[in-house]
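Data from protein_9.pdb: PDB, C-alpha atoms
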```pdb
ATOM      1  CA  MET A1286      91.219 122.794  68.255
ATOM      2  CA  ALA A1287      88.274 121.836  70.366
ATOM      3  CA  GLU A1288      88.212 119.050  72.830
ATOM      4  CA  ASN A1289      85.241 116.802  73.464
ATOM      5  CA  ALA A1290      85.983 115.015  76.685
ATOM      6  CA  LYS A1291      82.795 113.404  77.814
ATOM      7  CA  ALA A1292      80.871 114.844  80.716
ATOM      8  CA  ALA A1293      82.754 114.410  83.928
ATOM      9  CA  GLY A1294      81.915 111.619  86.279
ATOM     10  CA  THR A1295      83.665 111.141  89.566
ATOM     11  CA  LYS A1296      86.959 112.897  89.879
ATOM     12  CA  ASP A1297      90.051 110.797  90.172
ATOM     13  CA  VAL A1298      93.633 111.718  90.986
ATOM     14  CA  ARG A1299      94.631 110.658  87.520
ATOM     15  CA  GLY A1300      91.868 112.126  85.462
ATOM     16  CA  THR A1301      88.180 112.118  85.240
ATOM     17  CA  ALA A1302      86.173 108.971  85.121
ATOM     18  CA  ALA A1303      84.359 109.586  81.898
ATOM     19  CA  GLY A1304      81.881 106.804  82.097
ATOM     20  CA  GLN A1305      81.346 103.154  82.666
ATOM     21  CA  ARG A1306      81.395 100.519  80.003
ATOM     22  CA  GLY A1307      78.991  97.618  79.839
ATOM     23  CA  GLY A1308      81.263  95.424  81.920
ATOM     24  CA  GLY A1309      81.469  98.022  84.679
ATOM     25  CA  GLU A1310      84.961  98.990  83.554
ATOM     26  CA  THR A1311      86.043 102.516  84.437
ATOM     27  CA  VAL A1312      87.309 104.696  81.609
ATOM     28  CA  PHE A1313      89.505 107.686  82.395
ATOM     29  CA  THR A1314      90.022 110.930  80.570
ATOM     30  CA  PRO A1315      93.776 111.465  80.584
ATOM     31  CA  ARG A1316      95.054 114.812  81.851
ATOM     32  CA  THR A1317      96.175 116.707  78.798
ATOM     33  CA  ASP A1318      98.158 119.785  77.844
ATOM     34  CA  ILE A1319      97.665 121.325  74.415
ATOM     35  CA  PHE A1320      99.908 124.006  73.039
ATOM     36  CA  GLU A1321     100.332 125.643  69.688
ATOM     37  CA  THR A1322     103.610 126.555  68.061
ATOM     38  CA  ASP A1323     104.171 128.368  64.772
ATOM     39  CA  ASP A1324     103.907 125.185  62.766
ATOM     40  CA  ALA A1325     102.087 122.597  64.896
ATOM     41  CA  ILE A1326      99.629 121.811  67.626
ATOM     42  CA  VAL A1327     101.117 119.580  70.306
ATOM     43  CA  VAL A1328      99.009 117.389  72.591
ATOM     44  CA  ILE A1329     100.616 115.761  75.635
ATOM     45  CA  ALA A1330      98.557 113.314  77.674
ATOM     46  CA  ASP A1331      99.384 111.474  80.899
ATOM     47  CA  MET A1332      98.592 107.808  80.386
ATOM     48  CA  PRO A1333     100.512 105.812  82.985
ATOM     49  CA  GLY A1334     100.586 102.102  82.193
ATOM     50  CA  VAL A1335     100.122 102.636  78.467
ATOM     51  CA  ASN A1336     102.766 101.751  75.879
ATOM     52  CA  LYS A1337     103.006 101.505  72.109
ATOM     53  CA  ALA A1338     101.264  98.140  72.025
ATOM     54  CA  SER A1339      98.295  99.200  74.126
ATOM     55  CA  LEU A1340      97.650 102.554  72.487
ATOM     56  CA  GLU A1341      95.312 103.176  69.586
ATOM     57  CA  ILE A1342      94.902 106.466  67.776
ATOM     58  CA  THR A1343      92.394 106.915  64.989
ATOM     59  CA  LEU A1344      91.429 109.842  62.814
ATOM     60  CA  GLU A1345      88.000 109.843  61.279
ATOM     61  CA  GLU A1346      87.149 112.980  59.373
ATOM     62  CA  ASN A1347      88.056 115.663  61.899
ATOM     63  CA  ILE A1348      87.769 113.537  65.055
ATOM     64  CA  LEU A1349      90.987 112.262  66.544
ATOM     65  CA  THR A1350      90.419 109.503  69.095
ATOM     66  CA  VAL A1351      92.987 108.277  71.589
ATOM     67  CA  THR A1352      92.397 105.010  73.441
ATOM     68  CA  GLY A1353      94.846 103.355  75.828
ATOM     69  CA  ARG A1354      94.290  99.987  77.415
ATOM     70  CA  VAL A1355      95.572  99.200  80.897
ATOM     71  CA  GLU A1356      94.925  95.834  82.408
ATOM     72  CA  PRO A1357      93.921  96.009  86.048
ATOM     73  CA  GLU A1358      96.595  94.434  88.149
ATOM     74  CA  ARG A1359      95.769  91.613  90.489
ATOM     75  CA  LEU A1360      98.594  90.418  92.658
ATOM     76  CA  GLU A1361      98.035  86.775  93.490
ATOM     77  CA  GLY A1362      98.189  86.018  97.171
ATOM     78  CA  SER A1363      98.145  89.697  98.171
ATOM     79  CA  THR A1364      95.469  92.021  99.459
ATOM     80  CA  GLN A1365      95.112  95.602  98.366
ATOM     81  CA  THR A1366      95.495  97.506 101.604
ATOM     82  CA  HIS A1367      95.737 101.049 100.295
ATOM     83  CA  ARG A1368      94.250 102.562  97.151
ATOM     84  CA  GLU A1369      94.607 106.063  95.763
ATOM     85  CA  PHE A1370      94.168 105.413  92.073
ATOM     86  CA  GLN A1371      92.008 103.162  90.005
ATOM     87  CA  VAL A1372      93.273 101.263  87.043
ATOM     88  CA  GLY A1373      91.335 101.378  83.795
ATOM     89  CA  ASN A1374      91.447 102.337  80.174
ATOM     90  CA  TYR A1375      91.880 105.859  78.823
ATOM     91  CA  HIS A1376      89.784 107.530  76.212
ATOM     92  CA  ARG A1377      89.660 111.048  74.832
ATOM     93  CA  THR A1378      88.589 112.609  71.579
ATOM     94  CA  PHE A1379      89.705 115.844  69.958
ATOM     95  CA  THR A1380      88.116 117.758  67.121
ATOM     96  CA  LEU A1381      90.689 119.034  64.670
ATOM     97  CA  SER A1382      90.229 122.417  63.100
ATOM     98  CA  ASP A1383      90.842 123.066  59.413
ATOM     99  CA  ALA A1384      94.206 124.596  60.297
ATOM    100  CA  VAL A1385      95.566 121.120  61.077
ATOM    101  CA  SER A1386      96.973 118.992  58.297
ATOM    102  CA  ARG A1387      95.662 115.411  58.245
ATOM    103  CA  GLU A1388      98.997 114.243  56.899
ATOM    104  CA  GLY A1389     102.109 113.884  58.955
ATOM    105  CA  ILE A1390     100.529 113.517  62.403
ATOM    106  CA  ASP A1391     103.209 112.165  64.702
ATOM    107  CA  ALA A1392     102.466 110.110  67.836
ATOM    108  CA  ARG A1393     105.013 108.983  70.400
ATOM    109  CA  VAL A1394     104.589 107.350  73.771
ATOM    110  CA  LYS A1395     107.301 107.197  76.406
ATOM    111  CA  ASP A1396     107.200 106.751  80.180
ATOM    112  CA  GLY A1397     103.399 106.613  80.064
ATOM    113  CA  GLU A1398     103.167 109.990  78.348
ATOM    114  CA  LEU A1399     101.669 110.409  74.886
ATOM    115  CA  ARG A1400     102.898 113.183  72.634
ATOM    116  CA  LEU A1401     100.974 114.014  69.474
ATOM    117  CA  THR A1402     102.312 116.553  67.017
ATOM    118  CA  LEU A1403      99.719 117.794  64.554
ATOM    119  CA  PRO A1404     101.309 119.892  61.822
ATOM    120  CA  LYS A1405      99.525 123.039  60.740
ATOM    121  CA  PHE A1406      99.112 124.042  57.143
ATOM    122  CA  GLY A1407     101.676 126.613  56.075
ATOM    123  CA  PRO A1408     100.611 130.274  56.127
ATOM    124  CA  THR A1409      98.427 131.085  53.185
ATOM    125  CA  ARG A1410     100.321 133.457  51.029
ATOM    126  CA  ALA A1411      98.472 136.256  49.320
ATOM    127  CA  ARG A1412      98.691 135.515  45.658
ATOM    128  CA  LYS A1413      98.889 138.358  43.246
ATOM    129  CA  ILE A1414      96.622 137.868  40.292
ATOM    130  CA  PRO A1415      98.099 139.375  37.197
ATOM    131  CA  VAL A1416      95.677 141.521  35.326
ATOM    132  CA  GLN A1417      95.751 141.036  31.620
ATOM    133  CA  GLY A1418      95.365 144.068  29.413
ATOM    134  CA  ASP A1419      93.761 144.061  26.076
TER     135      ASP A1419
ATOM    136  CA  MET B 724      95.743  90.176 107.830
ATOM    137  CA  VAL B 725      98.779  88.774 109.549
ATOM    138  CA  TRP B 726      99.550  91.654 111.856
ATOM    139  CA  ARG B 727      96.074  92.121 113.132
ATOM    140  CA  GLY B 728      95.610  91.338 116.796
ATOM    141  CA  PHE B 729      93.236  88.622 117.903
ATOM    142  CA  THR B 730      90.876  90.621 120.029
ATOM    143  CA  HIS B 731      91.437  94.196 118.949
ATOM    144  CA  PRO B 732      91.790  94.575 115.183
ATOM    145  CA  TRP B 733      94.452  97.141 114.501
ATOM    146  CA  ASP B 734      94.454  99.040 111.257
ATOM    147  CA  PRO B 735      98.076  99.835 110.496
ATOM    148  CA  TRP B 736      97.023 101.738 107.382
ATOM    149  CA  GLY B 737      95.134 104.250 109.453
ATOM    150  CA  GLU B 738      98.403 105.146 111.086
ATOM    151  CA  LEU B 739     100.125 105.238 107.735
ATOM    152  CA  ASN B 740      97.788 107.942 106.530
ATOM    153  CA  GLU B 741      98.771 110.230 109.370
ATOM    154  CA  VAL B 742     102.419 109.902 108.499
ATOM    155  CA  GLU B 743     101.645 110.745 104.913
ATOM    156  CA  GLU B 744      99.871 113.914 105.816
ATOM    157  CA  GLU B 745     102.845 115.123 107.758
ATOM    158  CA  MET B 746     105.469 114.270 105.226
ATOM    159  CA  SER B 747     104.062 114.471 101.759
ATOM    160  CA  HIS B 748     104.188 117.509  99.615
ATOM    161  CA  LEU B 749     101.735 118.259  96.949
ATOM    162  CA  PHE B 750     102.869 118.488  93.399
ATOM    163  CA  ALA B 751     103.218 122.142  92.441
ATOM    164  CA  GLY B 752     100.559 121.887  89.765
ATOM    165  CA  ALA B 753      96.951 120.985  90.173
ATOM    166  CA  TYR B 754      96.478 117.296  90.801
ATOM    167  CA  GLY B 755      92.832 117.323  91.619
ATOM    168  CA  GLY B 756      93.360 120.115  94.141
ATOM    169  CA  ALA B 757      94.120 119.781  97.819
ATOM    170  CA  GLY B 758      93.836 116.428  99.464
ATOM    171  CA  HIS B 759      95.645 114.476  96.766
ATOM    172  CA  ASP B 760      99.212 113.542  97.386
ATOM    173  CA  TYR B 761     101.523 112.965  94.490
ATOM    174  CA  PRO B 762     102.235 110.453  93.183
ATOM    175  CA  PRO B 763      99.085 108.447  93.853
ATOM    176  CA  LEU B 764      99.942 105.136  95.431
ATOM    177  CA  ASN B 765      98.383 101.705  95.651
ATOM    178  CA  ILE B 766      99.738  99.167  98.129
ATOM    179  CA  TRP B 767      99.294  95.420  98.126
ATOM    180  CA  THR B 768     100.410  93.327 101.063
ATOM    181  CA  ASN B 769     100.868  89.729 102.142
ATOM    182  CA  ALA B 770     102.810  87.894 104.828
ATOM    183  CA  GLU B 771     106.098  88.390 102.959
ATOM    184  CA  GLY B 772     105.834  92.144 102.546
ATOM    185  CA  ALA B 773     104.279  94.781 100.343
ATOM    186  CA  ILE B 774     104.267  96.010  96.776
ATOM    187  CA  ALA B 775     103.760  99.728  96.276
ATOM    188  CA  ILE B 776     102.714 100.931  92.827
ATOM    189  CA  ALA B 777     102.685 104.614  91.910
ATOM    190  CA  GLU B 778     101.767 106.512  88.765
ATOM    191  CA  VAL B 779     104.610 108.715  87.564
ATOM    192  CA  PRO B 780     103.823 109.504  83.916
ATOM    193  CA  GLY B 781     106.369 111.531  81.993
ATOM    194  CA  ILE B 782     109.030 111.139  84.652
ATOM    195  CA  PRO B 783     112.100 109.395  83.266
ATOM    196  CA  PRO B 784     113.584 106.731  85.570
ATOM    197  CA  ASP B 785     116.666 108.880  86.184
ATOM    198  CA  GLN B 786     114.463 111.638  87.621
ATOM    199  CA  LEU B 787     112.959 109.304  90.202
ATOM    200  CA  GLU B 788     114.581 108.360  93.469
ATOM    201  CA  VAL B 789     113.277 105.502  95.577
ATOM    202  CA  SER B 790     114.685 104.950  99.050
ATOM    203  CA  VAL B 791     113.855 103.229 102.301
ATOM    204  CA  ILE B 792     114.851 104.704 105.637
ATOM    205  CA  ASN B 793     113.992 102.453 108.523
ATOM    206  CA  ASP B 794     110.457 101.396 107.687
ATOM    207  CA  THR B 795     109.567 104.390 105.550
ATOM    208  CA  LEU B 796     109.416 104.251 101.782
ATOM    209  CA  ILE B 797     110.299 107.549 100.124
ATOM    210  CA  LEU B 798     109.630 108.482  96.505
ATOM    211  CA  ARG B 799     111.271 111.661  95.271
ATOM    212  CA  GLY B 800     111.412 113.177  91.861
ATOM    213  CA  SER B 801     110.545 115.992  89.589
ATOM    214  CA  ARG B 802     108.762 116.664  86.369
ATOM    215  CA  VAL B 803     110.152 119.535  84.398
ATOM    216  CA  PRO B 804     107.688 121.676  82.451
ATOM    217  CA  GLU B 805     108.013 121.761  78.696
ATOM    218  CA  GLU B 806     109.936 124.725  77.343
ATOM    219  CA  LEU B 807     107.763 126.153  74.628
ATOM    220  CA  PRO B 808     109.336 127.687  71.539
ATOM    221  CA  ALA B 809     108.983 131.466  71.271
ATOM    222  CA  GLY B 810     105.601 132.554  70.004
ATOM    223  CA  SER B 811     103.832 129.414  71.302
ATOM    224  CA  HIS B 812     100.891 129.415  73.652
ATOM    225  CA  TYR B 813      98.830 126.946  75.661
ATOM    226  CA  HIS B 814      95.263 126.064  74.782
ATOM    227  CA  ARG B 815      94.880 123.760  77.748
ATOM    228  CA  ARG B 816      96.955 122.842  80.809
ATOM    229  CA  GLU B 817      95.818 120.018  83.029
ATOM    230  CA  ARG B 818      99.075 118.288  83.958
ATOM    231  CA  GLY B 819     101.116 119.144  87.023
ATOM    232  CA  PHE B 820     104.816 119.868  87.272
ATOM    233  CA  GLY B 821     107.411 120.336  89.914
ATOM    234  CA  ARG B 822     109.251 118.444  92.596
ATOM    235  CA  PHE B 823     107.590 115.925  94.870
ATOM    236  CA  THR B 824     108.361 113.843  97.935
ATOM    237  CA  ARG B 825     106.097 111.073  99.061
ATOM    238  CA  SER B 826     106.695 109.109 102.254
ATOM    239  CA  VAL B 827     104.863 106.073 103.492
ATOM    240  CA  ARG B 828     105.611 104.182 106.659
ATOM    241  CA  LEU B 829     105.165 100.448 106.351
ATOM    242  CA  PRO B 830     103.534  98.603 109.248
ATOM    243  CA  PHE B 831     106.353  96.057 109.434
ATOM    244  CA  ARG B 832     110.129  95.872 109.649
ATOM    245  CA  VAL B 833     111.562  96.167 106.139
ATOM    246  CA  ALA B 834     114.370  93.988 104.787
ATOM    247  CA  GLN B 835     116.080  97.101 103.442
ATOM    248  CA  ASP B 836     118.726  95.392 101.335
ATOM    249  CA  LYS B 837     116.073  93.469  99.410
ATOM    250  CA  VAL B 838     113.879  96.369  98.289
ATOM    251  CA  GLU B 839     113.542  96.522  94.504
ATOM    252  CA  ALA B 840     112.071  99.258  92.314
ATOM    253  CA  ARG B 841     111.196  99.125  88.632
ATOM    254  CA  VAL B 842     109.818 101.855  86.416
ATOM    255  CA  ARG B 843     107.888 101.009  83.268
ATOM    256  CA  ASP B 844     105.447 103.003  81.153
ATOM    257  CA  GLY B 845     105.136 105.706  83.768
ATOM    258  CA  MET B 846     104.437 103.339  86.654
ATOM    259  CA  VAL B 847     106.888 102.624  89.460
ATOM    260  CA  ARG B 848     106.616  99.356  91.279
ATOM    261  CA  VAL B 849     108.485  98.867  94.554
ATOM    262  CA  ARG B 850     108.780  95.441  96.142
ATOM    263  CA  ILE B 851     109.294  95.822  99.876
ATOM    264  CA  PRO B 852     110.027  92.507 101.590
ATOM    265  CA  ARG B 853     109.294  92.177 105.236
ATOM    266  CA  ASP B 854     112.286  91.387 107.415
ATOM    267  CA  VAL B 855     112.445  87.649 108.092
ATOM    268  CA  THR B 856     112.640  88.142 111.845
ATOM    269  CA  ASP B 857     109.414  90.144 111.695
ATOM    270  CA  ARG B 858     107.370  87.635 109.714
ATOM    271  CA  PRO B 859     104.735  85.542 111.439
ATOM    272  CA  GLN B 860     105.933  82.051 112.232
ATOM    273  CA  ARG B 861     103.815  79.032 112.287
ATOM    274  CA  ILE B 862     104.046  77.252 115.612
ATOM    275  CA  ALA B 863     103.866  73.505 115.401
ATOM    276  CA  VAL B 864     101.127  72.123 117.588
ATOM    277  CA  HIS B 865     101.863  68.758 119.160
ATOM    278  CA  GLU B 866      99.468  66.398 120.748
ATOM    279  CA  ALA B 867      99.944  66.245 124.444
TER     280      ALA B 867
END
```
Now, as a test, write the supplied structure out as structure tokens.
Amino acid sequence: MAENAKAAGTKDVRGTAAGQRGGGETVFTPRTDIFETDDAIVVIADMPGVNKASLEITLEENILTVTGRVEPERLEGSTQTHREFQVGNYHRTFTLSDAVSREGIDARVKDGELRLTLPKFGPTRARKIPVQGD
Amino acid sequence: MVWRGFTHPWDPWGELNEVEEEMSHLFAGAYGGAGHDYPPLNIWTNAEGAIAIAEVPGIPPDQLEVSVINDTLILRGSRVPEELPAGSHYHRRERGFGRFTRSVRLPFRVAQDKVEARVRDGMVRVRIPRDVTDRPQRIAVHEA
């Protein structure tokens, strides 16, 4: 499985600012772990502020795209006096290899953490071809 | 800002940073390398107090401890690494794990019994009211 995060912009504590949208909105590449088990590839991404309603996952051919929307918070009547993280949307794409089944992809989000389970095709069994005699 | 002096502007947040450096511990994993404390924190303030918001993705509320000692807010917690089934291997590891402690001293007296913390979607939000006796009071001006 390859990963196509866009070229890095400025580094942020939460991820990498992948680019700016037309409106000057910052888009972050979520920090991600990917591991492979016997029967699946598991992707875990940190997306604080994202929940089921604000998360969109699409699969087009072999490109899996994850987008999470986070509304910047403005606290009325308060001033931001200290800032260590920026608030913005998340975006990351992954290229699936042929070993991954397009069916049965499972996505769960909890506590701002996305977990994608991509099942692998079962091991290809060597098939014995019977040879017919005359 | 309400606690700024008239003639000599005082930046209480400058002082806050020093306290952080002394007391915070970096997450065991890589969080952007040295210089970043975990969890990252944003603070909003007004005359009534402050709201501190921190990003704590993947940390269940029961693994997070929020406390206030005197005027210092302390966030403690841990994120446990995933136990991989036998025969598994990582292709990519970018997320950090481990225990963390983050301390921030507020530049006002805190009404400790009124501090509230909520965790939602991997964000913790702590409302830290300023003690009433410490709040600026408007002085009525009378005509002589």
Atomic distance atom CA of B:Arg802 - atom CA of A:Glu1321, expressed in Å with one decimal:
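Computed distance, atom CA of B:Arg802 to atom CA of A:Glu1321, equals 20.7 Å.
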Which residues, named as in the file, does the ChimeraX specification (/B :<7) & /A pick out? Answer as a list in words.
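When the ChimeraX specification (/B :<7) & /A is applied to the shown file, the picked residues are Val1298, Arg1316, Thr1317, Asp1318, Ile1319, Phe1320, Glu1321, Thr1322, Asp1323, Asp1331, Met1332, Pro1333, Gly1334, Val1335, Asn1336, Gly1362, Ser1363, Thr1364, Gln1365, Thr1366, His1367, Arg1368, Glu1369, Phe1370, Lys1395, Asp1396, Gly1397 and Glu1398 of chain A.
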Name all residues at most 8 Å from stretch 1340-1354 of chain A (count only C-alpha atoms; drop same-chain ones fewer than 6 positions away) and give them as JSON, numbers by chain.
{"A": [1332, 1373, 1374, 1375, 1376, 1377, 1378, 1379, 1380, 1381, 1382]}
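Using all atoms listed in the file, the nearest neighbour of A:Ile1329 within the list B:Pro852, B:Ile792, B:Ser826, B:Pro804 is B:Pro804.
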Given the point (104.5, 105.0, 104.3) in the file's coordinates, find the residues that have an atom at most 6 Å from it, counting only C-alpha atoms, and give them as a PyMOL selection string.
chain B and resi 739+795-796+826-829
Please produce a file of those selected residues containing C-alpha atoms, as a JSON list (two decimals), in the frame of the given file.
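Okay, selection_1.json is ready:
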```
[["chain", "number", "residue", "atom", "x", "y", "z"],
["B", 739, "LEU", "CA", 100.12, 105.24, 107.74],
["B", 795, "THR", "CA", 109.57, 104.39, 105.55],
["B", 796, "LEU", "CA", 109.42, 104.25, 101.78],
["B", 826, "SER", "CA", 106.70, 109.11, 102.25],
["B", 827, "VAL", "CA", 104.86, 106.07, 103.49],
["B", 828, "ARG", "CA", 105.61, 104.18, 106.66],
["B", 829, "LEU", "CA", 105.16, 100.45, 106.35]]
```
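Candidate residues B:Gly821, B:Ala834, B:Glu805, B:Ile797 were compared for distance to B:Thr856, and the nearest is B:Ala834, using all atoms listed in the file.
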Pairwise distance, atom CA of A:Thr1314 with atom CA of B:Asp785, equals 27.3 Å
Residue by residue, what does the PyMOL selection byres ((chain B and resi 860-866) around 12) grab here? Present the result as a PyMOL selection string.
chain B and resi 725-726+770-771+855-859+867
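Minimum atom-to-atom distance to A:Leu1401, evaluated using only C-alpha atoms, belongs to A:Ala1325 out of A:Gln1417, A:Glu1310, A:Ala1325, A:Pro1315.
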Separation of atom CA of A:Leu1399 and atom CA of B:Ala840, in Å?
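Taking atom CA of A:Leu1399 and atom CA of B:Ala840, their separation equals 23.2 Å.
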